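Reproduced below: my_file_1.cif, with mmCIF, C-alpha atoms.
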data_input
#
loop_
_atom_site.label_atom_id
_atom_site.label_comp_id
_atom_site.auth_asym_id
_atom_site.auth_seq_id
_atom_site.Cartn_x
_atom_site.Cartn_y
_atom_site.Cartn_z
CA MET A 1 5.24 26.22 8.33
CA ASN A 2 1.86 24.79 9.27
CA ILE A 3 0.26 22.50 6.77
CA ASN A 4 -2.61 20.08 7.15
CA VAL A 5 -1.29 17.06 5.28
CA GLU A 6 -4.73 15.46 5.10
CA LYS A 7 -5.97 18.45 3.13
CA LEU A 8 -3.30 17.76 0.50
CA ASN A 9 -4.92 14.47 -0.48
CA PRO A 10 -7.63 16.10 -2.63
CA ALA A 11 -4.87 17.93 -4.54
CA MET A 12 -3.16 14.66 -5.39
CA ASP A 13 -6.46 12.99 -6.30
CA PHE A 14 -7.35 15.87 -8.59
CA ILE A 15 -3.98 15.83 -10.37
CA LYS A 16 -4.07 12.06 -10.83
CA ALA A 17 -7.64 12.17 -12.14
CA THR A 18 -6.90 15.02 -14.56
CA LEU A 19 -3.56 13.93 -15.97
CA LYS A 20 -4.38 10.20 -15.86
CA ASP A 21 -1.59 8.03 -17.31
CA GLY A 22 0.29 11.13 -18.43
CA LEU A 23 1.35 11.58 -14.82
CA LEU A 24 4.37 9.48 -13.85
CA THR A 25 5.22 10.91 -10.44
CA CYS A 26 4.02 13.74 -8.26
CA GLU A 27 5.44 14.84 -4.96
CA ILE A 28 4.91 17.71 -2.52
CA TRP A 29 7.79 18.44 -0.16
CA ASP A 30 9.29 20.82 2.34
CA ARG A 31 11.87 22.93 0.54
CA GLU A 32 14.06 23.28 3.64
CA THR A 33 14.26 19.66 4.78
CA GLY A 34 13.44 17.83 1.54
CA LEU A 35 10.90 15.77 3.46
CA SER A 36 8.00 14.73 1.30
CA PHE A 37 4.46 15.29 2.62
CA LEU A 38 2.59 13.47 -0.06
CA SER A 39 3.58 11.54 -3.12
CA HIS A 40 2.44 9.45 -6.02
CA ASN A 41 5.30 7.16 -7.03
CA PRO A 42 7.85 8.95 -4.81
CA GLN A 43 11.24 9.72 -6.33
CA PRO A 44 13.70 10.79 -3.61
CA VAL A 45 16.44 11.60 -6.11
CA GLY A 46 14.02 13.86 -7.99
CA VAL A 47 13.18 15.69 -4.77
CA ALA A 48 16.87 16.30 -4.01
CA LEU A 49 17.59 17.30 -7.60
CA PHE A 50 14.74 19.76 -8.06
CA THR A 51 15.29 21.31 -4.63
CA GLU A 52 18.83 22.07 -5.73
CA VAL A 53 17.86 23.20 -9.24
CA THR A 54 15.19 25.52 -7.84
CA LYS A 55 17.64 27.02 -5.38
CA THR A 56 20.30 27.55 -8.05
CA LEU A 57 17.81 28.93 -10.57
CA ALA A 58 16.30 31.35 -8.05
CA THR A 59 19.75 32.56 -7.00
CA ALA A 60 20.97 32.90 -10.59
CA LEU A 61 17.90 34.92 -11.61
CA SER A 62 18.18 37.12 -8.58
CA ASP A 63 21.92 37.70 -9.01
CA SER A 64 21.55 38.57 -12.68
CA GLY A 65 18.99 41.24 -12.01
CA PHE A 66 16.33 39.36 -13.95
CA PRO A 67 12.80 39.09 -12.59
CA SER A 68 12.58 36.48 -9.84
CA LEU A 69 11.27 32.98 -10.26
CA ASN A 70 7.51 33.15 -9.89
CA ARG A 71 5.09 30.22 -9.62
CA TYR A 72 6.59 27.39 -11.65
CA TYR A 73 9.05 26.19 -14.26
CA LEU A 74 8.91 23.45 -16.87
CA VAL A 75 11.80 21.27 -18.01
CA ASP A 76 11.72 19.24 -21.18
CA LEU A 77 13.73 16.08 -20.55
CA GLU A 78 14.93 13.33 -22.84
CA GLY A 79 12.77 10.30 -23.40
CA THR A 80 9.40 12.08 -23.56
CA HIS A 81 9.70 13.24 -19.97
CA LEU A 82 8.37 16.59 -18.89
CA ALA A 83 9.13 17.91 -15.43
CA MET A 84 7.20 20.69 -13.77
CA VAL A 85 8.15 22.29 -10.48
CA ILE A 86 5.59 24.46 -8.72
CA LEU A 87 6.69 26.88 -6.01
CA HIS A 88 4.15 27.21 -3.24
CA GLY A 89 5.55 30.22 -1.44
CA ASN A 90 9.09 29.99 -0.13
CA ASP A 91 8.63 26.79 1.81
CA ILE A 92 6.85 24.15 -0.27
CA LEU A 93 7.78 22.67 -3.63
CA GLN A 94 5.76 20.37 -5.81
CA GLY A 95 7.25 18.32 -8.59
CA LEU A 96 5.53 16.46 -11.37
CA ILE A 97 7.16 14.21 -13.91
CA MET A 98 4.93 13.53 -16.86
CA ASN A 99 4.93 11.78 -20.18
CA SER A 100 5.06 14.68 -22.62
CA LYS A 101 3.28 12.65 -25.27
CA LYS A 102 0.30 11.99 -23.04
CA VAL A 103 -0.08 15.33 -21.28
CA ASN A 104 -2.00 18.23 -22.74
CA LEU A 105 -0.06 21.42 -21.92
CA GLY A 106 -3.21 23.53 -22.03
CA ILE A 107 -4.85 21.41 -19.36
CA LEU A 108 -1.65 21.36 -17.33
CA LEU A 109 -1.18 25.12 -17.30
CA SER A 110 -4.75 26.34 -17.21
CA ILE A 111 -6.40 23.71 -15.00
CA VAL A 112 -3.88 21.63 -13.02
CA LEU A 113 -1.51 24.45 -12.07
CA PRO A 114 -4.07 26.92 -10.63
CA LYS A 115 -5.93 24.11 -8.87
CA ALA A 116 -2.72 22.76 -7.34
CA ILE A 117 -1.85 26.22 -6.02
CA GLU A 118 -5.37 26.65 -4.65
CA PHE A 119 -5.42 23.25 -2.91
CA ILE A 120 -2.10 23.82 -1.18
CA GLU A 121 -3.07 27.29 -0.09
CA LYS A 122 -6.18 25.79 1.50
CA ALA A 123 -4.09 23.14 3.26
CA ARG A 124 -2.09 25.79 5.08
CA THR A 125 -3.43 26.28 8.55
CA MET L 1 0.98 -10.55 7.85
CA LYS L 2 3.47 -8.05 6.42
CA ALA L 3 6.61 -7.20 8.35
CA THR L 4 6.65 -3.42 8.75
CA PHE L 5 10.44 -3.38 8.41
CA GLY L 6 10.80 -6.51 6.33
CA VAL L 7 13.06 -6.13 3.29
CA TRP L 8 12.88 -8.40 0.26
CA SER L 9 15.35 -8.48 -2.56
CA PRO L 10 15.94 -10.92 -5.39
CA HIS L 11 19.52 -9.59 -5.47
CA ARG L 12 20.74 -10.10 -1.94
CA GLU L 13 24.23 -10.85 -3.21
CA SER L 14 24.47 -7.44 -4.90
CA THR L 15 26.85 -5.05 -3.17
CA SER L 16 24.47 -2.18 -3.89
CA VAL L 17 21.59 -4.00 -2.21
CA LEU L 18 23.81 -4.89 0.73
CA ALA L 19 24.87 -1.25 1.04
CA PHE L 20 21.21 -0.23 0.99
CA LYS L 21 20.34 -2.76 3.70
CA SER L 22 23.33 -1.65 5.78
CA ALA L 23 22.15 1.94 5.55
CA LEU L 24 18.74 0.87 6.82
CA GLY L 25 20.44 -1.04 9.62
CA LEU L 26 21.82 2.20 11.01
CA ARG L 27 18.31 3.51 11.60
CA PRO L 28 16.53 2.91 14.92
CA GLU L 29 14.03 0.44 13.46
CA ARG L 30 14.74 -3.29 13.34
CA TRP L 31 15.10 -4.13 9.62
CA VAL L 32 15.00 -7.80 8.68
CA TRP L 33 15.35 -9.76 5.46
CA CYS L 34 12.21 -11.52 4.19
CA ASP L 35 12.45 -14.49 1.85
CA ASP L 36 8.92 -14.02 0.62
CA ARG L 37 8.20 -10.70 -1.05
CA GLN L 38 4.54 -10.85 -0.01
CA GLN L 39 5.68 -10.55 3.60
CA ALA L 40 8.02 -7.62 3.05
CA SER L 41 6.97 -3.98 3.10
CA TRP L 42 10.15 -2.84 1.38
CA TRP L 43 11.40 -4.27 -1.91
CA VAL L 44 14.78 -3.45 -3.33
CA VAL L 45 16.22 -4.43 -6.69
CA ASP L 46 19.52 -3.83 -8.41
CA ALA L 47 18.72 -2.63 -11.94
CA ALA L 48 22.05 -4.00 -13.20
CA LEU L 49 20.88 -7.51 -12.35
CA GLY L 50 17.54 -7.14 -14.08
CA VAL L 51 14.04 -6.24 -13.02
CA SER L 52 11.34 -8.76 -13.75
CA GLU L 53 8.06 -7.46 -15.12
CA ASP L 54 6.31 -9.68 -12.58
CA TRP L 55 7.94 -7.80 -9.69
CA THR L 56 6.86 -4.48 -11.18
CA ALA L 57 3.31 -5.70 -11.73
CA ASP L 58 3.19 -7.13 -8.20
CA LEU L 59 4.58 -3.92 -6.72
CA ARG L 60 1.92 -1.91 -8.52
CA LYS L 61 -0.78 -4.16 -7.04
CA GLU L 62 0.81 -4.10 -3.59
CA LYS L 63 0.99 -0.31 -3.54
CA GLU L 64 -2.74 -0.09 -4.09
CA GLY L 65 -3.68 -1.99 -0.99
CA PHE L 66 -0.65 -2.11 1.27
CA ARG L 67 2.19 0.12 2.36
CA THR L 68 4.76 -1.63 0.20
CA GLN L 69 7.58 0.48 -1.20
CA GLY L 70 9.98 -0.46 -3.97
CA ALA L 71 13.50 0.89 -4.46
CA LEU L 72 15.36 0.48 -7.70
CA LEU L 73 19.11 0.97 -7.43
CA ALA L 74 20.61 2.19 -10.69
CA ARG L 75 23.25 4.45 -12.19
CA ASP L 76 20.69 6.56 -14.06
CA TRP L 77 17.00 7.17 -14.54
CA ALA L 78 16.98 5.30 -17.88
CA ALA L 79 16.90 2.06 -15.89
CA VAL L 80 13.56 3.02 -14.38
CA GLY L 81 11.14 1.29 -16.68
CA ASP L 82 8.19 2.06 -14.45
CA PRO L 83 8.06 4.95 -11.95
CA VAL L 84 6.25 2.72 -9.47
CA TRP L 85 9.84 2.01 -8.35
CA ALA L 86 11.61 4.75 -6.44
CA PHE L 87 14.86 5.44 -8.25
CA LEU L 88 17.90 5.56 -5.95
CA LYS L 89 21.04 6.60 -7.72
CA LEU L 90 24.26 4.65 -7.34
CA PRO L 91 26.47 5.22 -5.50
CA LEU L 92 23.86 5.45 -2.80
CA GLN L 93 23.51 8.51 -0.64
CA VAL L 94 22.38 7.72 2.87
CA ASP L 95 20.59 11.04 3.41
CA ILE L 96 18.44 10.44 0.32
CA ILE L 97 17.56 6.91 1.46
CA TYR L 98 16.65 8.16 4.93
CA ARG L 99 14.57 11.03 3.62
CA TRP L 100 12.68 8.61 1.39
CA VAL L 101 12.10 6.15 4.24
CA ASP L 102 11.03 8.96 6.59
CA ALA L 103 8.61 10.31 4.00
CA CYS L 104 7.14 6.84 3.36
CA LEU L 105 6.69 6.23 7.09
CA LEU L 106 5.15 9.68 7.50
CA GLN L 107 2.74 9.24 4.63
CA HIS L 108 1.76 5.69 5.51
CA PRO L 109 1.63 5.60 9.30
CA GLU L 110 1.06 2.38 11.13
CA PRO L 111 -2.58 1.47 11.38
CA ARG L 112 -3.60 1.79 15.02
CA LEU L 113 -2.72 -1.36 16.85
CA LEU L 114 -5.61 -3.42 18.04
CA LEU L 115 -4.14 -4.33 21.37
CA SER L 116 -7.21 -5.29 23.33
CA GLY L 117 -7.28 -9.02 24.06
CA GLN L 118 -3.81 -9.56 22.54
CA ARG L 119 -0.93 -11.23 24.29
CA LEU L 120 2.24 -9.21 24.03
CA LYS L 121 5.94 -9.69 24.53
CA LEU L 122 8.90 -7.36 24.10
CA LYS L 123 12.06 -8.58 22.39
CA ARG L 124 14.30 -6.04 24.10
CA TRP L 125 14.13 -3.03 26.39
CA PRO L 126 12.64 0.06 24.84
CA ASN L 127 14.34 3.38 25.50
CA MET L 128 12.65 3.93 28.87
CA SER L 129 14.05 7.42 29.34
CA ARG L 130 11.75 8.53 26.55
CA TYR L 131 8.67 7.61 28.59
CA SER L 132 9.79 8.50 32.10
CA SER L 133 8.72 11.78 33.55
CA ALA L 134 10.55 13.52 36.37
CA SER L 135 7.22 14.74 37.72
CA ASN L 136 5.80 11.23 37.99
CA LEU L 137 8.39 8.83 39.38
CA ALA L 138 5.84 6.29 40.51
CA GLY L 139 4.25 6.21 37.06
CA GLY L 140 7.66 5.71 35.46
CA MET L 141 8.44 2.84 37.80
CA ASN L 142 5.11 1.17 37.06
CA LEU L 143 5.83 1.42 33.36
CA THR L 144 9.29 -0.07 33.89
CA VAL L 145 7.82 -2.97 35.85
CA ALA L 146 5.24 -3.54 33.08
CA CYS L 147 8.08 -3.64 30.53
CA ALA L 148 10.04 -6.08 32.67
CA ARG L 149 7.02 -8.41 32.66
CA LEU L 150 6.60 -7.98 28.91
CA LEU L 151 10.25 -8.92 28.38
CA LYS L 152 9.97 -12.03 30.51
CA ASP L 153 6.58 -13.49 29.62
CA TRP L 154 3.63 -13.22 27.32
CA VAL L 155 1.30 -10.75 29.01
CA THR L 156 -2.20 -9.72 28.00
CA TYR L 157 -2.64 -6.11 27.06
CA GLU L 158 -5.18 -5.62 29.86
CA GLU L 159 -2.74 -7.07 32.41
CA ALA L 160 0.03 -4.76 31.15
CA VAL L 161 -2.30 -1.75 31.43
CA SER L 162 -3.13 -2.64 35.03
CA ILE L 163 0.58 -2.96 35.91
CA ALA L 164 1.60 0.25 34.15
CA ASN L 165 -1.39 2.09 35.57
CA ASP L 166 -1.08 4.58 32.71
CA LYS L 167 -2.81 3.45 29.55
CA ALA L 168 -1.72 6.41 27.41
CA ALA L 169 1.97 5.98 28.28
CA LEU L 170 1.83 2.24 27.73
CA ASP L 171 0.04 2.65 24.40
CA GLY L 172 2.71 5.10 23.24
CA LEU L 173 5.47 2.76 24.31
CA LEU L 174 3.85 -0.23 22.58
CA MET L 175 3.25 1.73 19.39
CA ASP L 176 6.92 2.73 19.29
CA ALA L 177 7.96 -0.84 20.09
CA GLN L 178 5.86 -2.12 17.22
CA ARG L 179 7.32 0.51 14.88
CA HIS L 180 10.83 -0.49 15.90
CA GLY L 181 10.08 -4.18 15.46
CA ILE L 182 10.59 -5.18 19.08
CA LEU L 183 6.99 -6.03 19.95
CA GLU L 184 5.64 -9.53 19.45
CA MET L 185 1.91 -10.03 19.37
CA ALA L 186 -0.06 -13.22 19.49
CA SER L 187 -3.60 -14.32 20.01
CA PRO L 188 -4.09 -16.03 23.40
CA VAL L 189 -3.93 -19.53 21.82
CA GLN L 190 -0.67 -18.86 19.95
CA ALA L 191 0.94 -17.34 22.99
CA THR L 192 0.01 -20.28 25.18
CA SER L 193 1.69 -22.73 22.80
CA MET L 194 4.78 -20.50 22.62
CA VAL L 195 4.96 -20.37 26.40
CA ALA L 196 4.68 -24.15 26.54
CA GLU L 197 7.54 -24.50 24.06
CA ALA L 198 9.66 -22.02 25.97
CA ALA L 199 9.13 -23.92 29.20
CA ASN L 200 10.73 -26.97 27.51
CA PRO L 201 9.06 -29.76 29.53
CA THR L 202 11.65 -32.36 28.45
CA THR L 203 14.24 -30.74 30.69
CA GLY L 204 11.84 -30.70 33.61
CA GLU L 205 12.47 -27.02 34.23
CA ASN L 206 9.88 -25.04 36.06
CA PRO L 207 9.23 -21.90 34.05
CA GLY L 208 8.22 -20.05 37.18
CA LYS L 209 11.73 -20.43 38.59
CA THR L 210 13.72 -19.39 35.55
CA GLU L 211 14.13 -15.78 36.50
CA ASP L 212 17.03 -14.22 34.69
CA PRO L 213 19.22 -12.40 37.22
CA LYS L 214 20.42 -10.09 34.43
CA THR L 215 16.87 -8.89 33.82
CA TRP L 216 16.34 -8.10 37.50
CA SER L 217 19.65 -6.32 37.75
CA LEU L 218 18.59 -4.16 34.81
CA ILE L 219 15.25 -3.42 36.47
CA ARG L 220 17.01 -2.46 39.71
CA ARG L 221 19.27 -0.12 37.77
CA LEU L 222 16.29 1.43 36.00
CA ILE L 223 14.44 1.83 39.29
CA ASN L 224 17.50 3.51 40.77
CA LYS L 225 17.40 5.98 37.92
CA PHE L 226 13.99 7.15 39.09
CA LYS L 227 15.15 7.65 42.69
#
Mind turning the file's structure into structure tokens?
Amino acid sequence: MNINVEKLNPAMDFIKATLKDGLLTCEIWDRETGLSFLSHNPQPVGVALFTEVTKTLATALSDSGFPSLNRYYLVDLEGTHLAMVILHGNDILQGLIMNSKKVNLGILLSIVLPKAIEFIEKART
Amino acid sequence: MKATFGVWSPHRESTSVLAFKSALGLRPERWVWCDDRQQASWWVVDAALGVSEDWTADLRKEKEGFRTQGALLARDWAAVGDPVWAFLKLPLQVDIIYRWVDACLLQHPEPRLLLSGQRLKLKRWPNMSRYSSASNLAGGMNLTVACARLLKDWVTYEEAVSIANDKAALDGLLMDAQRHGILEMASPVQATSMVAEAANPTTGENPGKTEDPKTWSLIRRLINKFK
């Protein structure tokens, strides 16, 4: 995997500026090693957890004959927490933990998600 | 000035905090306790013993301008009042701590050292094998001699460069030494006063004749390695 980490900065700036105080944490990491490239309020336990959940979910979907996991999944957590995991190909994961009361789902899915995918695609060298 | 590997905790007596510090101690860097949180780059709190709002507010401010990181040790996420703290689940898992530290160091690399005009001293030998090259034995020996001088006395950066005769290799070695907490830096005035203290004039010792035979034996052994 070749990624220009400096080119990831605009992605983080954009997400922070768009979601404002609705964004609690955001992290972009290598799926294989779990090493984070860029983060806003890094949460190492979250990285380990969502790497494992993504792996299990992808395997379970594949084994069941269901369509495969595509670009992202959302998890509604207790305490007004909303977690979103974006799959950037097979090698990079991005996790966001948000305050579900402060985040507009329309903006998240129609603006933040496509932009995040675009930024990371551009950062690949 | 902040200690790159300085750790501050209001809960030093906590077994969880001690376990965290012990885990850091197994890494190659030289981690030290700091009494003043403003001087530490790494803050660690035990959620069971309480987290002051002041610490959280200070950490938020620190993270804006410095490379300060905060770890909150807790049984579950509910203890994380503010995500500015990195949640580390108890019991601690060393691989998660290391991955977090590695990521923080990767994302916030050391600012380039301004070495020019500085006086430098090494606290202990760096891993010389990392910088020696089989194709350039003379260069490796020069670098070893420069390190020997840096271990013994305060040496100006320019002087060290002229001894090592390889600026790039010396810069790399000094950057690593700084990252691992074994490089001391001082302005020329500070270094002079430290040298004067080290010479200890009350005992009448001549600093020029206090060569440590152990140091020279180590140099000889290192030189033999290059032969």
Compile the residues of chain L that lie within 9 Å of chain A, evaluated using only C-alpha atoms, and express the compilation as a short mmCIF file (atom, residue, chain, number, x, y, z; two decimals) with C-alpha atoms, keeping the file's coordinate frame.
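Contents of selection16.cif, freshly written:
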data_model
loop_
_atom_site.label_atom_id
_atom_site.label_comp_id
_atom_site.auth_asym_id
_atom_site.auth_seq_id
_atom_site.Cartn_x
_atom_site.Cartn_y
_atom_site.Cartn_z
CA ALA L 78 16.98 5.30 -17.88
CA ASP L 82 8.19 2.06 -14.45
CA PRO L 83 8.06 4.95 -11.95
CA VAL L 84 6.25 2.72 -9.47
CA TRP L 85 9.84 2.01 -8.35
CA ALA L 86 11.61 4.75 -6.44
CA PHE L 87 14.86 5.44 -8.25
CA LEU L 88 17.90 5.56 -5.95
CA LYS L 89 21.04 6.60 -7.72
CA ILE L 96 18.44 10.44 0.32
CA ILE L 97 17.56 6.91 1.46
CA ARG L 99 14.57 11.03 3.62
CA TRP L 100 12.68 8.61 1.39
CA ASP L 102 11.03 8.96 6.59
CA ALA L 103 8.61 10.31 4.00
CA CYS L 104 7.14 6.84 3.36
CA LEU L 106 5.15 9.68 7.50
CA GLN L 107 2.74 9.24 4.63
#
Q.
Need to verify the contact set: region 158-164 of chain L, 9 Å, only C-alpha atoms, exclusion of same-chain residues closer than 3 positions in sequence. Can you return it as JSON, numbers by chain?
A. {"L": [115, 116, 117, 118, 119, 120, 139, 140, 141, 142, 143, 144, 145, 146, 147, 149, 150, 155, 167, 169, 170, 171]}
Q: Go through the shown structure with the PyMOL selection byres ((chain L and resi 17) around 10) and write out the matching residues as number ranges by chain.
A: L: 9-16, 18-23, 44-46, 71-73, 92
Q: Measure the distance from CA of Leu151 (chain L) to CA of Gln38 (chain L) in Å and round it to one decimal.
A: 29.0 Å
Residues of region 11-52 of chain A that have any atom at most 10 Å from an atom of region 112-125 of chain A: could you tabulate them with the shortest-distance atom pair and the distance in Å to one decimal, using all atoms listed in the file, ordered by chain and increasing number, as JSON lines?
{"residue": "A:Ala11", "atom": "CA", "partner": "A:Phe119", "partner_atom": "CA", "distance": 5.6}
{"residue": "A:Met12", "atom": "CA", "partner": "A:Ala116", "partner_atom": "CA", "distance": 8.3}
{"residue": "A:Phe14", "atom": "CA", "partner": "A:Val112", "partner_atom": "CA", "distance": 8.1}
{"residue": "A:Ile15", "atom": "CA", "partner": "A:Val112", "partner_atom": "CA", "distance": 6.4}
{"residue": "A:Lys16", "atom": "CA", "partner": "A:Val112", "partner_atom": "CA", "distance": 9.8}
{"residue": "A:Thr18", "atom": "CA", "partner": "A:Val112", "partner_atom": "CA", "distance": 7.4}
{"residue": "A:Leu19", "atom": "CA", "partner": "A:Val112", "partner_atom": "CA", "distance": 8.3}
{"residue": "A:Ile28", "atom": "CA", "partner": "A:Ile120", "partner_atom": "CA", "distance": 9.4}
Residues picked by the PyMOL selection byres ((chain L and resi 29) around 7) here, as a PDB file with C-alpha atoms, in the coordinates of the input?
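Output below, filename expr-v6.pdb:
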ATOM      1  CA  ARG L  27      18.310   3.510  11.600  1.00  0.00           C
ATOM      2  CA  PRO L  28      16.530   2.910  14.920  1.00  0.00           C
ATOM      3  CA  ARG L  30      14.740  -3.290  13.340  1.00  0.00           C
ATOM      4  CA  TRP L  31      15.100  -4.130   9.620  1.00  0.00           C
ATOM      5  CA  ARG L 179       7.320   0.510  14.880  1.00  0.00           C
ATOM      6  CA  HIS L 180      10.830  -0.490  15.900  1.00  0.00           C
ATOM      7  CA  GLY L 181      10.080  -4.180  15.460  1.00  0.00           C
TER       8      GLY L 181
END
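If you look at CA of Ile92 (chain A) and CA of Asn2 (chain A), they are 10.8 Å away from each other.
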Q: Could you give me, as a PyMOL selection string, the residues within 12 Å of Glu53 (chain L), counting only C-alpha atoms and dropping anything in the same chain fewer than 2 positions from it?
A: chain L and resi 50-51+55-60+80-82+84-85
Q: Could you tell me how far CA of Glu27 (chain A) lies from CA of Val85 (chain A), in Å and to one decimal?
A: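 Atom-to-atom, CA of Glu27 (chain A) and CA of Val85 (chain A) are spaced 9.7 Å apart.
The residue that comes closest to Thr54 (chain A), out of A:Leu93, A:Leu109, A:Val103, A:Cys26 and on the basis of all atoms listed in the file, is A:Leu93.
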Q: Go through L:Glu64, L:Asp54, L:Asp36, L:Asp153 and flag the residue nearest Glu184 (chain L), using only C-alpha atoms for the distances.
A: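 The closest residue to Glu184 (chain L) is L:Asp153.
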(Q) Need to verify the contact set: Trp8 (chain L), 8 Å, only C-alpha atoms, exclusion of same-chain residues closer than 3 positions in sequence. Can you return it as a ChimeraX atom specification? (A) /L:33-37,40-44
Q.
Would you pick out the contacts of Ser100 (chain A) at 9 Å or less, using all atoms listed in the file, so that residues sharing its chain but fewer than 6 positions from it are not included, and give the list as number ranges by chain?
A. A: 22, 76, 79-83
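Nearest-residue note for Leu87 (chain A): choosing from A:Lys20, A:Leu49, A:Tyr72, A:Ile111, the minimum distance belongs to A:Tyr72, counting only C-alpha atoms.
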